[in-house]
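**Q** You'll find data-v9.csv just under this line, and it carries CSV, C-alpha atoms.
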chain,number,residue,atom,x,y,z
A,1293,GLN,CA,-59.6,-165.3,43.1
A,1294,ALA,CA,-62.3,-167.8,42.2
A,1295,ILE,CA,-62.7,-168.8,45.9
A,1296,ASP,CA,-62.9,-165.2,47.0
A,1297,PHE,CA,-65.5,-164.4,44.3
A,1298,PHE,CA,-67.5,-167.5,45.2
A,1299,LYS,CA,-67.5,-166.7,48.9
A,1300,ASP,CA,-68.7,-163.2,48.2
A,1301,ASN,CA,-71.5,-164.3,45.8
A,1302,ALA,CA,-72.8,-167.7,47.0
A,1303,ALA,CA,-74.2,-169.1,50.2
A,1304,LYS,CA,-71.9,-172.1,50.4
A,1305,THR,CA,-69.3,-173.3,52.8
A,1306,GLU,CA,-65.7,-172.8,51.9
A,1307,LEU,CA,-65.2,-176.5,51.6
A,1308,ASP,CA,-68.1,-176.7,49.1
A,1309,ILE,CA,-66.7,-173.8,47.2
A,1310,ILE,CA,-63.2,-175.4,47.0
A,1311,ASN,CA,-64.7,-178.8,45.9
A,1312,GLU,CA,-66.8,-177.1,43.2
A,1313,ILE,CA,-63.9,-175.1,41.8
A,1314,ASP,CA,-61.7,-178.2,41.8
A,1315,ARG,CA,-64.5,-180.1,39.9
A,1316,TYR,CA,-64.8,-177.4,37.3
A,1317,ILE,CA,-61.0,-177.2,36.9
A,1318,SER,CA,-60.8,-181.0,36.4
A,1319,MET,CA,-64.0,-181.3,34.3
A,1320,PRO,CA,-64.5,-177.9,32.6
A,1321,GLY,CA,-67.2,-179.3,30.3
A,1322,GLN,CA,-69.5,-180.0,33.2
A,1323,ALA,CA,-70.5,-176.4,33.7
A,1324,LEU,CA,-71.0,-176.0,30.0
A,1325,ALA,CA,-73.5,-178.9,30.0
A,1326,TYR,CA,-75.7,-177.1,32.6
A,1327,LYS,CA,-75.8,-173.9,30.4
A,1328,ILE,CA,-76.6,-175.9,27.2
A,1329,GLY,CA,-79.5,-177.6,29.0
A,1330,GLN,CA,-80.7,-174.2,30.3
A,1331,LEU,CA,-80.6,-172.6,26.9
A,1332,LYS,CA,-82.4,-175.6,25.3
A,1333,MET,CA,-85.2,-175.6,27.9
A,1334,GLN,CA,-85.7,-171.9,27.4
A,1335,ALA,CA,-85.9,-172.4,23.7
A,1336,LEU,CA,-88.4,-175.2,24.1
A,1337,ARG,CA,-90.5,-173.0,26.3
A,1338,ASP,CA,-90.3,-170.1,23.9
A,1339,ASN,CA,-91.4,-172.4,21.1
A,1340,ALA,CA,-94.3,-173.7,23.1
A,1341,VAL,CA,-95.4,-170.2,24.0
A,1342,GLN,CA,-95.3,-169.1,20.4
A,1343,ALA,CA,-97.1,-172.2,19.2
A,1344,LEU,CA,-99.8,-172.2,21.8
A,1345,GLY,CA,-100.3,-168.5,22.6
A,1346,ASP,CA,-103.1,-168.1,25.2
A,1347,LYS,CA,-103.4,-171.9,25.5
A,1348,PHE,CA,-99.9,-172.1,27.0
A,1349,ASP,CA,-100.0,-173.5,30.5
A,1350,ILE,CA,-96.6,-173.2,32.4
A,1351,ARG,CA,-97.6,-176.0,34.8
A,1352,ALA,CA,-98.5,-178.4,32.0
A,1353,PHE,CA,-95.4,-177.5,30.2
A,1354,HIS,CA,-93.2,-178.3,33.2
A,1355,ASP,CA,-95.1,-181.5,33.9
A,1356,GLU,CA,-94.4,-182.7,30.3
A,1357,LEU,CA,-90.8,-181.4,30.3
A,1358,LEU,CA,-89.9,-183.3,33.5
A,1359,GLY,CA,-92.3,-186.2,33.2
A,1360,ALA,CA,-90.1,-188.6,31.2
A,1361,GLY,CA,-87.1,-188.1,33.4
A,1362,ALA,CA,-83.6,-187.5,32.0
A,1363,LEU,CA,-83.6,-187.5,28.2
A,1364,PRO,CA,-81.1,-186.5,25.5
A,1365,LEU,CA,-81.9,-182.9,24.4
A,1366,ASP,CA,-82.9,-184.0,20.9
A,1367,LEU,CA,-85.5,-186.5,22.3
A,1368,LEU,CA,-86.7,-183.9,24.7
A,1369,GLU,CA,-87.3,-181.5,21.9
A,1370,GLN,CA,-89.3,-184.1,19.9
A,1371,ARG,CA,-91.3,-184.9,23.0
A,1372,MET,CA,-92.1,-181.2,23.6
A,1373,ASP,CA,-92.9,-180.5,20.0
A,1374,ALA,CA,-95.4,-183.4,20.0
A,1375,TRP,CA,-96.9,-182.1,23.3
A,1376,ALA,CA,-97.4,-178.6,21.9
A,1377,ALA,CA,-99.0,-180.0,18.8
A,1378,ASN,CA,-101.4,-182.0,20.9
A,1379,GLN,CA,-102.3,-179.0,23.0
A,1380,ARG,CA,-103.7,-176.9,20.1
With the file now loaded, output its structure as structure tokens.

**A**
Amino acid sequence: QAIDFFKDNAAKTELDIINEIDRYISMPGQALAYKIGQLKMQALRDNAVQALGDKFDIRAFHDELLGAGALPLDLLEQRMDAWAANQR
């Protein structure tokens, strides 16, 4: 069922689909990590928009968000809070 659903809804080869499904079966937490990261980044953006109002610049936000490379989410939050405070 998962393979058929993936084939109908994604532009991937069958081999890629099978490999991805096998990976999620053997490491189910991996997909969850992607979602947690997405939710955290959205919350950071929402916080910055609220804090900066009309001064919010999406390009500057993304430059700062991605500028330090891979960070634990708590450190990323500290970085983005400091950035927003400096933009006011």

**Q** Smallest atom-to-atom distance to Gly1329 (chain A): which of A:Met1372, A:Gly1345, A:Pro1364, A:Ala1377, using all atoms listed in the file?

**A**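 The shortest atom-to-atom distance to Gly1329 (chain A) comes from A:Pro1364.
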
**Q** Choose the residue, out of A:Asp1314, A:Arg1380, A:Ala1374, A:Leu1331, that has the smallest atom-to-atom separation from Asp1346 (chain A); count all atoms listed in the file.

**A**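 Using all atoms listed in the file, Asp1346 (chain A) sits closest to A:Arg1380.
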
**Q** Using all atoms listed in the file, pick whichever of A:Arg1315, A:Lys1327, A:Lys1299, A:Lys1332 has the shortest atom-to-atom distance to Asp1366 (chain A).

**A**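 Among the listed residues, A:Lys1332 lies closest to Asp1366 (chain A).
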
**Q** State, in Å with one decimal place, the distance from CA of Gln1322 (chain A) to CA of Phe1298 (chain A).

**A**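 Atom-to-atom, CA of Gln1322 (chain A) to CA of Phe1298 (chain A), that is 17.4 Å.
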
**Q** Would you kindly return, as a list in words, each protein, DNA or RNA residue with an atom no farther than 12 Å from any atom of Ile1309 (chain A), considering only C-alpha atoms and excluding same-chain residues fewer than 4 positions away?

**A**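 Here the answer would be Gln1293, Ala1294, Ile1295, Asp1296, Phe1297, Phe1298, Lys1299, Asp1300, Asn1301, Ala1302, Ala1303, Lys1304, Thr1305, Ile1313, Asp1314, Arg1315 and Tyr1316 of chain A.
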
**Q** Out of A:Leu1365, A:Ala1360, A:Asp1355, A:Gln1379, which residue has the shortest atom-to-atom distance to Tyr1326 (chain A) when counting all atoms listed in the file?

**A**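 Closest residue, counting all atoms listed in the file: A:Leu1365.
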
**Q** For a test of reading the model, state the distance in Å between CA of Leu1367 (chain A) and CA of Arg1351 (chain A), rounded to one decimal.

**A**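 Pair CA of Leu1367 (chain A) / CA of Arg1351 (chain A) returns 20.3 Å.
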
**Q** If we count only C-alpha atoms, what is near Glu1369 (chain A) at a cut-off of 12 Å, once residues fewer than 5 positions away on the same chain are taken out, given as a list in words?

**A**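 Surrounding residues, per the criterion: Gly1329, Lys1332, Met1333, Gln1334, Ala1335, Leu1336, Arg1337, Asp1338, Asn1339, Ala1340, Glu1356, Leu1357, Leu1363, Pro1364, Ala1374, Trp1375 and Ala1376 of chain A.
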
**Q** So the first atom is CA of Asn1378 (chain A) and the second is CA of Leu1344 (chain A); what is the distance between them in Å, to one decimal place?

**A**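 Between CA of Asn1378 (chain A) and CA of Leu1344 (chain A) the gap works out to 10.0 Å.
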
**Q** Which centre and which edge lengths, in Å to one decimal, describe the axis-aligned box that holds all listed atoms of region 1300-1311 of chain A after 3 Å is added on each side, as lines of an AutoDock Vina configuration file?

**A**
center_x = -68.7
center_y = -171.0
center_z = 49.3
size_x = 17.0
size_y = 21.6
size_z = 13.0

**Q** Would you mind putting back N, CA and C atoms on region 1305-1335 of chain A, then writing it out as a PDB file, in the frame of the given file?

**A**
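Generated file (selection_23.pdb):
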ATOM      1  N   THR A1305     -70.451-173.183  51.921  1.00  0.00           N
ATOM      2  CA  THR A1305     -69.300-173.300  52.800  1.00  0.00           C
ATOM      3  C   THR A1305     -68.016-173.197  51.982  1.00  0.00           C
ATOM      4  N   GLU A1306     -66.940-172.847  52.657  1.00  0.00           N
ATOM      5  CA  GLU A1306     -65.700-172.800  51.900  1.00  0.00           C
ATOM      6  C   GLU A1306     -65.278-174.131  51.367  1.00  0.00           C
ATOM      7  N   LEU A1307     -65.549-175.206  52.108  1.00  0.00           N
ATOM      8  CA  LEU A1307     -65.200-176.500  51.600  1.00  0.00           C
ATOM      9  C   LEU A1307     -66.040-176.851  50.339  1.00  0.00           C
ATOM     10  N   ASP A1308     -67.329-176.517  50.339  1.00  0.00           N
ATOM     11  CA  ASP A1308     -68.100-176.700  49.100  1.00  0.00           C
ATOM     12  C   ASP A1308     -67.614-175.916  47.963  1.00  0.00           C
ATOM     13  N   ILE A1309     -67.209-174.691  48.245  1.00  0.00           N
ATOM     14  CA  ILE A1309     -66.700-173.800  47.200  1.00  0.00           C
ATOM     15  C   ILE A1309     -65.395-174.420  46.609  1.00  0.00           C
ATOM     16  N   ILE A1310     -64.497-174.850  47.454  1.00  0.00           N
ATOM     17  CA  ILE A1310     -63.200-175.400  47.000  1.00  0.00           C
ATOM     18  C   ILE A1310     -63.502-176.693  46.168  1.00  0.00           C
ATOM     19  N   ASN A1311     -64.409-177.545  46.657  1.00  0.00           N
ATOM     20  CA  ASN A1311     -64.700-178.800  45.900  1.00  0.00           C
ATOM     21  C   ASN A1311     -65.338-178.457  44.552  1.00  0.00           C
ATOM     22  N   GLU A1312     -66.212-177.459  44.500  1.00  0.00           N
ATOM     23  CA  GLU A1312     -66.800-177.100  43.200  1.00  0.00           C
ATOM     24  C   GLU A1312     -65.817-176.534  42.254  1.00  0.00           C
ATOM     25  N   ILE A1313     -64.948-175.679  42.721  1.00  0.00           N
ATOM     26  CA  ILE A1313     -63.900-175.100  41.800  1.00  0.00           C
ATOM     27  C   ILE A1313     -62.977-176.203  41.350  1.00  0.00           C
ATOM     28  N   ASP A1314     -62.586-177.109  42.237  1.00  0.00           N
ATOM     29  CA  ASP A1314     -61.700-178.200  41.800  1.00  0.00           C
ATOM     30  C   ASP A1314     -62.426-179.075  40.740  1.00  0.00           C
ATOM     31  N   ARG A1315     -63.730-179.302  40.913  1.00  0.00           N
ATOM     32  CA  ARG A1315     -64.500-180.100  39.900  1.00  0.00           C
ATOM     33  C   ARG A1315     -64.491-179.390  38.577  1.00  0.00           C
ATOM     34  N   TYR A1316     -64.723-178.086  38.562  1.00  0.00           N
ATOM     35  CA  TYR A1316     -64.800-177.400  37.300  1.00  0.00           C
ATOM     36  C   TYR A1316     -63.381-177.260  36.643  1.00  0.00           C
ATOM     37  N   ILE A1317     -62.336-177.230  37.444  1.00  0.00           N
ATOM     38  CA  ILE A1317     -61.000-177.200  36.900  1.00  0.00           C
ATOM     39  C   ILE A1317     -60.672-178.564  36.235  1.00  0.00           C
ATOM     40  N   SER A1318     -61.069-179.650  36.899  1.00  0.00           N
ATOM     41  CA  SER A1318     -60.800-181.000  36.400  1.00  0.00           C
ATOM     42  C   SER A1318     -61.725-181.434  35.284  1.00  0.00           C
ATOM     43  N   MET A1319     -62.955-180.898  35.280  1.00  0.00           N
ATOM     44  CA  MET A1319     -64.000-181.300  34.300  1.00  0.00           C
ATOM     45  C   MET A1319     -64.665-180.008  33.759  1.00  0.00           C
ATOM     46  N   PRO A1320     -63.969-179.187  32.990  1.00  0.00           N
ATOM     47  CA  PRO A1320     -64.500-177.900  32.600  1.00  0.00           C
ATOM     48  C   PRO A1320     -65.815-178.006  31.758  1.00  0.00           C
ATOM     49  N   GLY A1321     -66.013-179.102  31.074  1.00  0.00           N
ATOM     50  CA  GLY A1321     -67.200-179.300  30.300  1.00  0.00           C
ATOM     51  C   GLY A1321     -68.483-179.444  31.077  1.00  0.00           C
ATOM     52  N   GLN A1322     -68.353-179.801  32.349  1.00  0.00           N
ATOM     53  CA  GLN A1322     -69.500-180.000  33.200  1.00  0.00           C
ATOM     54  C   GLN A1322     -70.379-178.770  33.312  1.00  0.00           C
ATOM     55  N   ALA A1323     -69.769-177.659  33.586  1.00  0.00           N
ATOM     56  CA  ALA A1323     -70.500-176.400  33.700  1.00  0.00           C
ATOM     57  C   ALA A1323     -71.162-176.020  32.405  1.00  0.00           C
ATOM     58  N   LEU A1324     -70.489-176.281  31.325  1.00  0.00           N
ATOM     59  CA  LEU A1324     -71.000-176.000  30.000  1.00  0.00           C
ATOM     60  C   LEU A1324     -72.298-176.794  29.747  1.00  0.00           C
ATOM     61  N   ALA A1325     -72.319-178.035  30.202  1.00  0.00           N
ATOM     62  CA  ALA A1325     -73.500-178.900  30.000  1.00  0.00           C
ATOM     63  C   ALA A1325     -74.718-178.287  30.702  1.00  0.00           C
ATOM     64  N   TYR A1326     -74.537-177.728  31.885  1.00  0.00           N
ATOM     65  CA  TYR A1326     -75.700-177.100  32.600  1.00  0.00           C
ATOM     66  C   TYR A1326     -76.207-175.921  31.751  1.00  0.00           C
ATOM     67  N   LYS A1327     -75.328-175.121  31.204  1.00  0.00           N
ATOM     68  CA  LYS A1327     -75.800-173.900  30.400  1.00  0.00           C
ATOM     69  C   LYS A1327     -76.457-174.363  29.144  1.00  0.00           C
ATOM     70  N   ILE A1328     -75.929-175.373  28.476  1.00  0.00           N
ATOM     71  CA  ILE A1328     -76.600-175.900  27.200  1.00  0.00           C
ATOM     72  C   ILE A1328     -77.973-176.357  27.550  1.00  0.00           C
ATOM     73  N   GLY A1329     -78.136-177.086  28.644  1.00  0.00           N
ATOM     74  CA  GLY A1329     -79.500-177.600  29.000  1.00  0.00           C
ATOM     75  C   GLY A1329     -80.404-176.404  29.337  1.00  0.00           C
ATOM     76  N   GLN A1330     -79.907-175.396  30.033  1.00  0.00           N
ATOM     77  CA  GLN A1330     -80.700-174.200  30.300  1.00  0.00           C
ATOM     78  C   GLN A1330     -81.197-173.537  29.059  1.00  0.00           C
ATOM     79  N   LEU A1331     -80.278-173.324  28.143  1.00  0.00           N
ATOM     80  CA  LEU A1331     -80.600-172.600  26.900  1.00  0.00           C
ATOM     81  C   LEU A1331     -81.622-173.459  26.071  1.00  0.00           C
ATOM     82  N   LYS A1332     -81.464-174.783  26.042  1.00  0.00           N
ATOM     83  CA  LYS A1332     -82.400-175.600  25.300  1.00  0.00           C
ATOM     84  C   LYS A1332     -83.777-175.591  25.930  1.00  0.00           C
ATOM     85  N   MET A1333     -83.854-175.680  27.251  1.00  0.00           N
ATOM     86  CA  MET A1333     -85.200-175.600  27.900  1.00  0.00           C
ATOM     87  C   MET A1333     -85.844-174.297  27.703  1.00  0.00           C
ATOM     88  N   GLN A1334     -85.086-173.224  27.705  1.00  0.00           N
ATOM     89  CA  GLN A1334     -85.700-171.900  27.400  1.00  0.00           C
ATOM     90  C   GLN A1334     -86.193-171.827  26.016  1.00  0.00           C
ATOM     91  N   ALA A1335     -85.441-172.375  25.066  1.00  0.00           N
ATOM     92  CA  ALA A1335     -85.900-172.400  23.700  1.00  0.00           C
ATOM     93  C   ALA A1335     -87.151-173.223  23.509  1.00  0.00           C
TER      94      ALA A1335
END
